[in-house]
Structure formats: structure tokens, C-alpha cells
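coords32.txt, holding compact mmCIF, C-alpha atoms:
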```txt
# COMPACT_ATOMS: atom_id res chain seq x y z
CA MET A 70 63.81 95.23 24.42
CA LYS A 71 62.28 95.14 27.88
CA PHE A 72 61.58 98.07 30.16
CA LYS A 73 60.16 98.18 33.66
CA TYR A 74 57.02 100.15 34.40
CA LEU A 75 57.69 103.38 36.30
CA GLU A 76 56.42 103.87 39.82
CA TYR A 77 54.51 107.06 40.52
CA PRO A 78 53.31 108.20 43.96
CA ARG A 79 49.59 108.57 44.57
CA GLN A 80 47.26 109.29 47.44
CA PRO A 81 44.96 106.52 48.65
CA SER A 82 41.35 107.26 47.81
CA LEU A 83 37.98 106.18 49.15
CA ALA A 84 37.73 103.82 46.18
CA PHE A 85 41.26 102.44 46.68
CA PRO A 86 42.31 103.06 50.31
CA ASP A 87 45.35 100.78 50.09
CA LYS A 88 46.75 102.18 46.85
CA ASP A 89 49.64 104.57 47.53
CA ARG A 90 51.48 104.09 44.26
CA THR A 91 50.73 103.58 40.59
CA PHE A 92 52.83 101.72 38.05
CA ARG A 93 52.64 103.00 34.50
CA PRO A 94 54.14 101.82 31.22
CA ALA A 95 56.46 104.75 30.57
CA LEU A 96 59.65 104.84 28.53
CA GLU A 97 62.70 107.06 28.42
CA VAL A 98 62.81 108.48 24.91
CA THR A 99 65.48 110.71 23.43
CA VAL A 100 63.83 113.30 21.18
CA LYS A 101 66.01 115.12 18.67
CA HIS A 102 65.59 118.18 16.49
CA GLN A 103 68.59 119.51 14.61
CA ALA A 104 71.30 120.18 17.21
CA ARG A 105 69.04 119.87 20.27
CA SER A 106 67.92 116.79 22.12
CA LEU A 107 65.96 115.97 25.24
CA LYS A 108 65.57 112.78 27.28
CA LEU A 109 61.90 112.54 28.13
CA ILE A 110 59.72 110.03 29.97
CA CYS A 111 56.68 109.23 27.79
CA ILE A 112 53.57 107.21 28.63
CA VAL A 113 53.03 104.30 26.22
CA ASP A 114 49.33 104.78 25.50
CA SER A 115 47.66 102.16 23.34
CA GLY A 116 44.42 104.17 23.51
CA ALA A 117 46.01 107.22 21.90
CA ASP A 118 45.62 107.51 18.13
CA MET A 119 48.71 109.67 17.82
CA CYS A 120 51.85 110.69 19.66
CA ALA A 121 51.46 113.99 21.47
CA PHE A 122 53.78 116.14 23.58
CA PRO A 123 53.36 119.38 25.52
CA ALA A 124 54.17 122.47 23.47
CA LYS A 125 56.97 123.41 25.88
CA VAL A 126 58.90 120.32 24.80
CA GLY A 127 58.79 121.44 21.19
CA GLU A 128 59.77 124.98 22.14
CA PHE A 129 62.77 123.66 24.07
CA LEU A 130 63.84 121.73 20.98
CA GLY A 131 63.66 124.91 18.92
CA LEU A 132 60.56 124.07 16.92
CA GLU A 133 58.27 126.71 15.49
CA ILE A 134 55.25 124.86 16.83
CA LYS A 135 52.54 126.53 14.72
CA ALA A 136 54.47 125.92 11.52
CA GLY A 137 53.28 122.30 11.70
CA LYS A 138 50.05 121.00 10.16
CA SER A 139 47.33 121.04 12.77
CA GLU A 140 44.30 119.12 13.93
CA LYS A 141 42.23 118.81 17.07
CA LEU A 142 42.98 115.94 19.43
CA LYS A 143 40.03 114.85 21.52
CA GLY A 144 40.19 113.26 24.97
CA ILE A 145 37.85 110.76 26.57
CA GLU A 146 36.19 113.43 28.69
CA GLY A 147 35.15 115.28 25.57
CA THR A 148 37.68 118.08 25.60
CA SER A 149 39.83 118.85 22.58
CA SER A 150 43.24 120.42 22.06
CA ARG A 151 44.76 121.77 18.88
CA VAL A 152 48.10 120.21 18.09
CA TYR A 153 50.67 120.89 15.43
CA TYR A 154 52.56 117.98 13.92
CA HIS A 155 56.28 117.80 13.43
CA GLU A 156 58.27 114.77 12.32
CA LEU A 157 61.11 114.19 14.78
CA ALA A 158 63.83 111.62 15.36
CA LEU A 159 63.23 109.48 18.44
CA GLU A 160 65.42 106.89 20.11
CA VAL A 161 64.29 104.16 22.50
CA GLY A 162 66.72 101.60 23.86
CA GLY A 163 69.19 102.42 21.11
CA TYR A 164 66.59 102.00 18.36
CA GLN A 165 66.08 105.12 16.25
CA PHE A 166 63.00 106.02 14.24
CA GLU A 167 61.09 108.96 12.84
CA CYS A 168 57.79 109.90 14.45
CA PRO A 169 55.12 112.53 13.79
CA ILE A 170 54.37 114.24 17.09
CA GLY A 171 51.52 116.61 17.80
CA PHE A 172 52.61 119.49 20.00
CA GLY A 173 49.98 121.49 21.87
CA GLU A 174 49.40 123.76 24.85
CA GLY A 175 46.61 121.47 26.01
CA ILE A 176 48.78 118.35 26.05
CA LYS A 177 49.89 117.90 29.64
CA PHE A 178 51.90 114.69 29.41
CA PRO A 179 54.00 113.18 26.62
CA VAL A 180 52.24 110.12 25.19
CA LEU A 181 53.24 107.60 22.53
CA GLY A 182 50.25 106.40 20.52
CA GLN A 183 49.31 104.16 17.63
CA ASP A 184 50.54 106.25 14.69
CA GLY A 185 54.24 106.91 15.05
CA PHE A 186 55.01 104.42 17.82
CA PHE A 187 52.79 101.33 17.75
CA ASP A 188 53.32 101.15 13.99
CA LYS A 189 57.08 100.71 14.65
CA PHE A 190 57.02 98.08 17.41
CA GLU A 191 55.13 95.03 18.56
CA VAL A 192 54.31 96.21 22.08
CA THR A 193 53.59 93.82 24.95
CA PHE A 194 52.33 94.98 28.33
CA ASN A 195 52.81 92.64 31.31
CA TYR A 196 51.30 94.19 34.42
CA LEU A 197 52.21 91.31 36.71
CA LYS A 198 55.88 91.69 35.81
CA LYS A 199 55.50 95.50 35.58
CA GLU A 200 57.25 95.21 32.27
CA ILE A 201 56.76 96.46 28.74
CA SER A 202 58.55 94.85 25.83
CA LEU A 203 59.18 96.31 22.40
CA LYS A 204 60.04 94.33 19.31
CA PRO A 205 60.78 96.42 16.21
CA PHE A 206 58.80 95.37 13.14
CA MET B 176 63.62 105.11 40.11
CA ALA B 177 63.71 108.44 41.88
CA GLN B 178 61.05 109.43 44.40
CA LEU B 179 58.77 111.88 42.66
CA GLY B 180 56.51 112.83 45.54
CA ASN B 181 57.81 116.37 46.00
CA CYS B 182 57.39 117.27 42.32
CA GLU B 183 53.65 116.83 41.95
CA ASN B 184 52.26 118.69 38.93
CA GLN B 185 55.74 119.84 37.95
CA TRP B 186 58.53 118.87 35.60
CA ALA B 187 61.16 116.82 37.43
CA ALA B 188 64.69 116.61 36.08
CA LEU B 189 66.18 113.25 37.01
CA SER B 190 69.77 112.11 37.06
CA ALA B 191 70.85 110.24 33.94
CA ASP B 192 70.42 106.91 35.76
CA ARG B 193 66.98 108.06 37.02
CA SER B 194 67.94 107.23 40.61
CA ARG B 195 67.34 110.73 42.00
CA VAL B 196 65.44 113.93 41.42
CA VAL B 197 67.91 116.71 40.69
CA SER B 198 65.40 119.56 40.36
CA CYS B 199 61.72 120.36 39.95
CA ASP B 200 59.94 123.32 38.45
CA GLU B 201 56.62 124.22 36.89
CA SER B 202 58.67 125.34 33.89
CA LEU B 203 60.34 122.64 31.79
CA GLU B 204 63.10 124.99 30.79
CA ARG B 205 63.74 126.11 34.36
CA ALA B 206 63.85 122.50 35.63
CA ILE B 207 66.50 121.74 33.01
CA GLU B 208 68.48 124.91 33.79
CA LYS B 209 68.49 124.10 37.52
CA ALA B 210 69.60 120.52 36.84
CA ILE B 211 72.50 121.71 34.69
CA GLU B 212 73.50 124.26 37.35
CA LEU B 213 73.58 121.36 39.82
CA GLY B 214 75.91 119.39 37.58
CA GLU B 215 73.50 117.11 35.71
CA ALA B 216 74.40 117.84 32.09
CA LYS B 217 71.84 115.51 30.50
CA PRO B 218 68.86 115.15 32.83
CA VAL B 219 65.88 112.93 32.09
CA LEU B 220 62.66 114.95 32.18
CA ILE B 221 59.38 113.66 33.52
CA LYS B 222 56.07 115.51 33.94
CA VAL B 223 54.80 114.35 37.33
CA PRO B 224 51.03 113.91 37.55
CA SER B 225 48.92 114.84 40.53
CA LYS B 226 48.88 112.22 43.29
CA ASP B 227 45.16 112.74 43.68
CA GLY B 228 43.14 110.10 41.87
CA SER B 229 43.70 107.90 38.85
CA TYR B 230 44.51 108.89 35.26
CA ILE B 231 43.30 107.82 31.87
CA PHE B 232 45.83 109.36 29.50
```
Let me see the structure of the file written as C-alpha cells.
Amino acid sequence: MKFKYLEYPRQPSLAFPDKDRTFRPALEVTVKHQARSLKLICIVDSGADMCAFPAKVGEFLGLEIKAGKSEKLKGIEGTSSRVYYHELALEVGGYQFECPIGFGEGIKFPVLGQDGFFDKFEVTFNYLKKEISLKPF
Amino acid sequence: MAQLGNCENQWAALSADRSRVVSCDESLERAIEKAIELGEAKPVLIKVPSKDGSYIF
């Protein structure tokens, strides 16, 4: 399965005065919980140990967020956020799988990380083609 | 892909084919509600980052 990177707007900076857009490896994922579902754009983040979504996503799906088992997720700038894990059904490109997702107030963007996503697919990033490919294991 | 520039730091609800932004809101739920009111029954939701600077997610 191949998916194009998504184009995001950005402001040029002193460091990068010609850069007015950013391409990111992001996928459309359908997230399901009981009778509810949501189509959500998620960043494919090979540097993330786990999959993590903003708490509001879980609330929309009807989850009791704090009923999940919790841990702290730490970011590269040294901050940490408490997340609560729930196993949910995800679908990408017609392929369905179960994935533990950490939901937390401090998670600002949905990310797909090593455990839950990279353990399901061989993932190839091709920046020149602005393309990500997924091959289920 | 829809142009996201007006939805900085908000949730954008996109059309099912992701060609246009249907609604934006700081609230995920409100962005979805507005999209449904505007006729998009199954919007695609994206949290739009700030345009200022680069990200390491």
C-alpha cells in the first residue's frame, strides 16, 4: 500500500527562508470503538515508542479514558504526559488491525509509533517521492 | 489535499476525499458537528500544527 505525504503550510523562517510548506508522512486511519468511528489523520512516527492520540479523540469515541492502564510518555524536550491505554480497532487502506493507543490530555497530535503500528507493517519512507509504503507482516 | 492554512492550531474537518476544508474549530467535537451540519457526514479530522517553525513529533 502506498500513500502520499501530506502537505502542511508553514511560515518561512530565518533558518529556512524559502520553506513555505512541509511534507509529512501522515495517514488517514479509521479508528473504531463499539458503534463509533472516526477518520483521523495520524503522523507515522518511527521515533515514537507507542501510538498516542489526544484525549479528545478517545472521548469522542466514547472511551472512559482513565479506565485504561497508564504510564508517562516522555518527549524529546524532556516533558512527560500521562496516557491511558486502550486497545482499539484501526483500519488503514482497507487493512484492519488491533492497536494499543495511549490517550492523554498532553498529546497534541495523533501519532503512530513502534508498538501497535510498526509491529504490524514493514514501513518505507521515501522523501523524494513524498511517499510512504506499508506492507503488512 | 485541502489547504489548511486557515486552521492553524485547530482541528480541521475535511471532506471525505480530503480535497477541501469543511470546518475548523479548537474543539474536535465542534469541528465534527459543524462539518455534519454542512453536509459532510463522515469528515476526515486533522489536527493542524502551528505554521511557525519545525516539529519533531
Show me, as a short mmCIF file (atom, residue, chain, number, x, y, z; two decimals) with C-alpha atoms, keeping the file's coordinate frame, the residues of chain A whose atoms get within 10 Å of chain B, using all atoms listed in the file for the distance check.
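Resulting contents of result.cif:
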```cif
data_model
loop_
_atom_site.label_atom_id
_atom_site.label_comp_id
_atom_site.auth_asym_id
_atom_site.auth_seq_id
_atom_site.Cartn_x
_atom_site.Cartn_y
_atom_site.Cartn_z
CA LEU A 75 57.69 103.38 36.30
CA GLU A 76 56.42 103.87 39.82
CA TYR A 77 54.51 107.06 40.52
CA PRO A 78 53.31 108.20 43.96
CA ARG A 79 49.59 108.57 44.57
CA GLN A 80 47.26 109.29 47.44
CA PRO A 81 44.96 106.52 48.65
CA SER A 82 41.35 107.26 47.81
CA LEU A 83 37.98 106.18 49.15
CA ALA A 84 37.73 103.82 46.18
CA PHE A 85 41.26 102.44 46.68
CA ASP A 89 49.64 104.57 47.53
CA ARG A 90 51.48 104.09 44.26
CA THR A 91 50.73 103.58 40.59
CA ALA A 95 56.46 104.75 30.57
CA GLU A 97 62.70 107.06 28.42
CA VAL A 98 62.81 108.48 24.91
CA THR A 99 65.48 110.71 23.43
CA SER A 106 67.92 116.79 22.12
CA LEU A 107 65.96 115.97 25.24
CA LYS A 108 65.57 112.78 27.28
CA LEU A 109 61.90 112.54 28.13
CA ILE A 110 59.72 110.03 29.97
CA CYS A 111 56.68 109.23 27.79
CA ILE A 112 53.57 107.21 28.63
CA VAL A 113 53.03 104.30 26.22
CA ASP A 114 49.33 104.78 25.50
CA SER A 115 47.66 102.16 23.34
CA GLY A 116 44.42 104.17 23.51
CA ALA A 117 46.01 107.22 21.90
CA PRO A 123 53.36 119.38 25.52
CA LYS A 125 56.97 123.41 25.88
CA VAL A 126 58.90 120.32 24.80
CA GLU A 128 59.77 124.98 22.14
CA PHE A 129 62.77 123.66 24.07
CA GLY A 144 40.19 113.26 24.97
CA ILE A 145 37.85 110.76 26.57
CA GLU A 146 36.19 113.43 28.69
CA LYS A 177 49.89 117.90 29.64
CA PHE A 178 51.90 114.69 29.41
CA PRO A 179 54.00 113.18 26.62
CA VAL A 180 52.24 110.12 25.19
#
```
Using all atoms listed in the file and a cutoff of 10 Å, can you tell me which residues are near (67.4, 119.1, 43.1) in the file's coordinates, and write them out as an mmCIF file with C-alpha atoms, in the coordinates of the input?
```
data_model
loop_
_atom_site.group_PDB
_atom_site.id
_atom_site.type_symbol
_atom_site.label_atom_id
_atom_site.label_comp_id
_atom_site.auth_asym_id
_atom_site.auth_seq_id
_atom_site.Cartn_x
_atom_site.Cartn_y
_atom_site.Cartn_z
ATOM 1 C CA ALA B 187 61.160 116.820 37.430
ATOM 2 C CA ALA B 188 64.690 116.610 36.080
ATOM 3 C CA LEU B 189 66.180 113.250 37.010
ATOM 4 C CA SER B 190 69.770 112.110 37.060
ATOM 5 C CA ARG B 195 67.340 110.730 42.000
ATOM 6 C CA VAL B 196 65.440 113.930 41.420
ATOM 7 C CA VAL B 197 67.910 116.710 40.690
ATOM 8 C CA SER B 198 65.400 119.560 40.360
ATOM 9 C CA CYS B 199 61.720 120.360 39.950
ATOM 10 C CA ASP B 200 59.940 123.320 38.450
ATOM 11 C CA ALA B 206 63.850 122.500 35.630
ATOM 12 C CA LYS B 209 68.490 124.100 37.520
ATOM 13 C CA ALA B 210 69.600 120.520 36.840
ATOM 14 C CA GLU B 212 73.500 124.260 37.350
ATOM 15 C CA LEU B 213 73.580 121.360 39.820
ATOM 16 C CA GLU B 215 73.500 117.110 35.710
#
```
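Atom CA of A:Lys189 to atom CA of A:Phe166 spans 8.0 Å [interatomic distance, one decimal].
Every protein or nucleic acid residue with an atom no more than 12 Å from A:Phe72, counting all atoms listed in the file and leaving out same-chain residues fewer than 4 positions away, appears here: Arg93, Pro94, Ala95, Leu96, Glu97, Val98, Val113, Val161, Gly162, Val192, Thr193, Phe194, Asn195, Tyr196, Lys198, Lys199, Glu200, Ile201, Ser202, Leu203 and Lys204 of chain A.
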Practice item. List every protein, DNA or RNA residue that has an atom no more than 12 Å from (52.3, 101.5, 10.8) in the file's coordinate frame, counting all atoms listed in the file, and report them as an MDAnalysis selection string. Key: chainID A and resid 118:119 167:169 182:191 205:206
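Counting from atom CA of A:Gln103, the distance to atom CA of A:Gly131 is 8.5 Å.
The spacing separating atom CA of A:Gly127 from atom CA of B:Ser194 amounts to 25.7 Å.
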Some atoms are missing, so please complete stretch 119-132 of chain A with N, CA and C atoms and return it as a PDB file, in the frame of the given file.
```pdb
ATOM      1  N   MET A 119      47.494 109.022  18.290  1.00  0.00           N
ATOM      2  CA  MET A 119      48.710 109.670  17.820  1.00  0.00           C
ATOM      3  C   MET A 119      49.683 109.852  18.979  1.00  0.00           C
ATOM      4  N   CYS A 120      50.894 110.265  18.646  1.00  0.00           N
ATOM      5  CA  CYS A 120      51.850 110.690  19.660  1.00  0.00           C
ATOM      6  C   CYS A 120      51.674 112.178  19.895  1.00  0.00           C
ATOM      7  N   ALA A 121      51.684 112.585  21.154  1.00  0.00           N
ATOM      8  CA  ALA A 121      51.460 113.990  21.470  1.00  0.00           C
ATOM      9  C   ALA A 121      52.317 114.415  22.648  1.00  0.00           C
ATOM     10  N   PHE A 122      52.901 115.603  22.536  1.00  0.00           N
ATOM     11  CA  PHE A 122      53.780 116.140  23.580  1.00  0.00           C
ATOM     12  C   PHE A 122      53.323 117.551  23.935  1.00  0.00           C
ATOM     13  N   PRO A 123      53.611 117.978  25.174  1.00  0.00           N
ATOM     14  CA  PRO A 123      53.360 119.380  25.520  1.00  0.00           C
ATOM     15  C   PRO A 123      54.141 120.335  24.627  1.00  0.00           C
ATOM     16  N   ALA A 124      53.532 121.480  24.347  1.00  0.00           N
ATOM     17  CA  ALA A 124      54.170 122.470  23.470  1.00  0.00           C
ATOM     18  C   ALA A 124      55.545 122.887  23.978  1.00  0.00           C
ATOM     19  N   LYS A 125      55.692 122.964  25.314  1.00  0.00           N
ATOM     20  CA  LYS A 125      56.970 123.410  25.880  1.00  0.00           C
ATOM     21  C   LYS A 125      58.135 122.506  25.472  1.00  0.00           C
ATOM     22  N   VAL A 126      57.846 121.237  25.246  1.00  0.00           N
ATOM     23  CA  VAL A 126      58.900 120.320  24.800  1.00  0.00           C
ATOM     24  C   VAL A 126      59.375 120.738  23.414  1.00  0.00           C
ATOM     25  N   GLY A 127      58.426 121.010  22.540  1.00  0.00           N
ATOM     26  CA  GLY A 127      58.790 121.440  21.190  1.00  0.00           C
ATOM     27  C   GLY A 127      59.542 122.759  21.191  1.00  0.00           C
ATOM     28  N   GLU A 128      59.087 123.679  22.049  1.00  0.00           N
ATOM     29  CA  GLU A 128      59.770 124.980  22.140  1.00  0.00           C
ATOM     30  C   GLU A 128      61.208 124.801  22.610  1.00  0.00           C
ATOM     31  N   PHE A 129      61.408 123.915  23.580  1.00  0.00           N
ATOM     32  CA  PHE A 129      62.770 123.660  24.070  1.00  0.00           C
ATOM     33  C   PHE A 129      63.659 123.132  22.947  1.00  0.00           C
ATOM     34  N   LEU A 130      63.069 122.313  22.081  1.00  0.00           N
ATOM     35  CA  LEU A 130      63.840 121.730  20.980  1.00  0.00           C
ATOM     36  C   LEU A 130      64.057 122.704  19.834  1.00  0.00           C
ATOM     37  N   GLY A 131      63.457 123.892  19.948  1.00  0.00           N
ATOM     38  CA  GLY A 131      63.660 124.910  18.920  1.00  0.00           C
ATOM     39  C   GLY A 131      62.666 124.865  17.785  1.00  0.00           C
ATOM     40  N   LEU A 132      61.563 124.152  17.968  1.00  0.00           N
ATOM     41  CA  LEU A 132      60.560 124.070  16.920  1.00  0.00           C
ATOM     42  C   LEU A 132      59.717 125.339  16.863  1.00  0.00           C
TER      43      LEU A 132
END
```
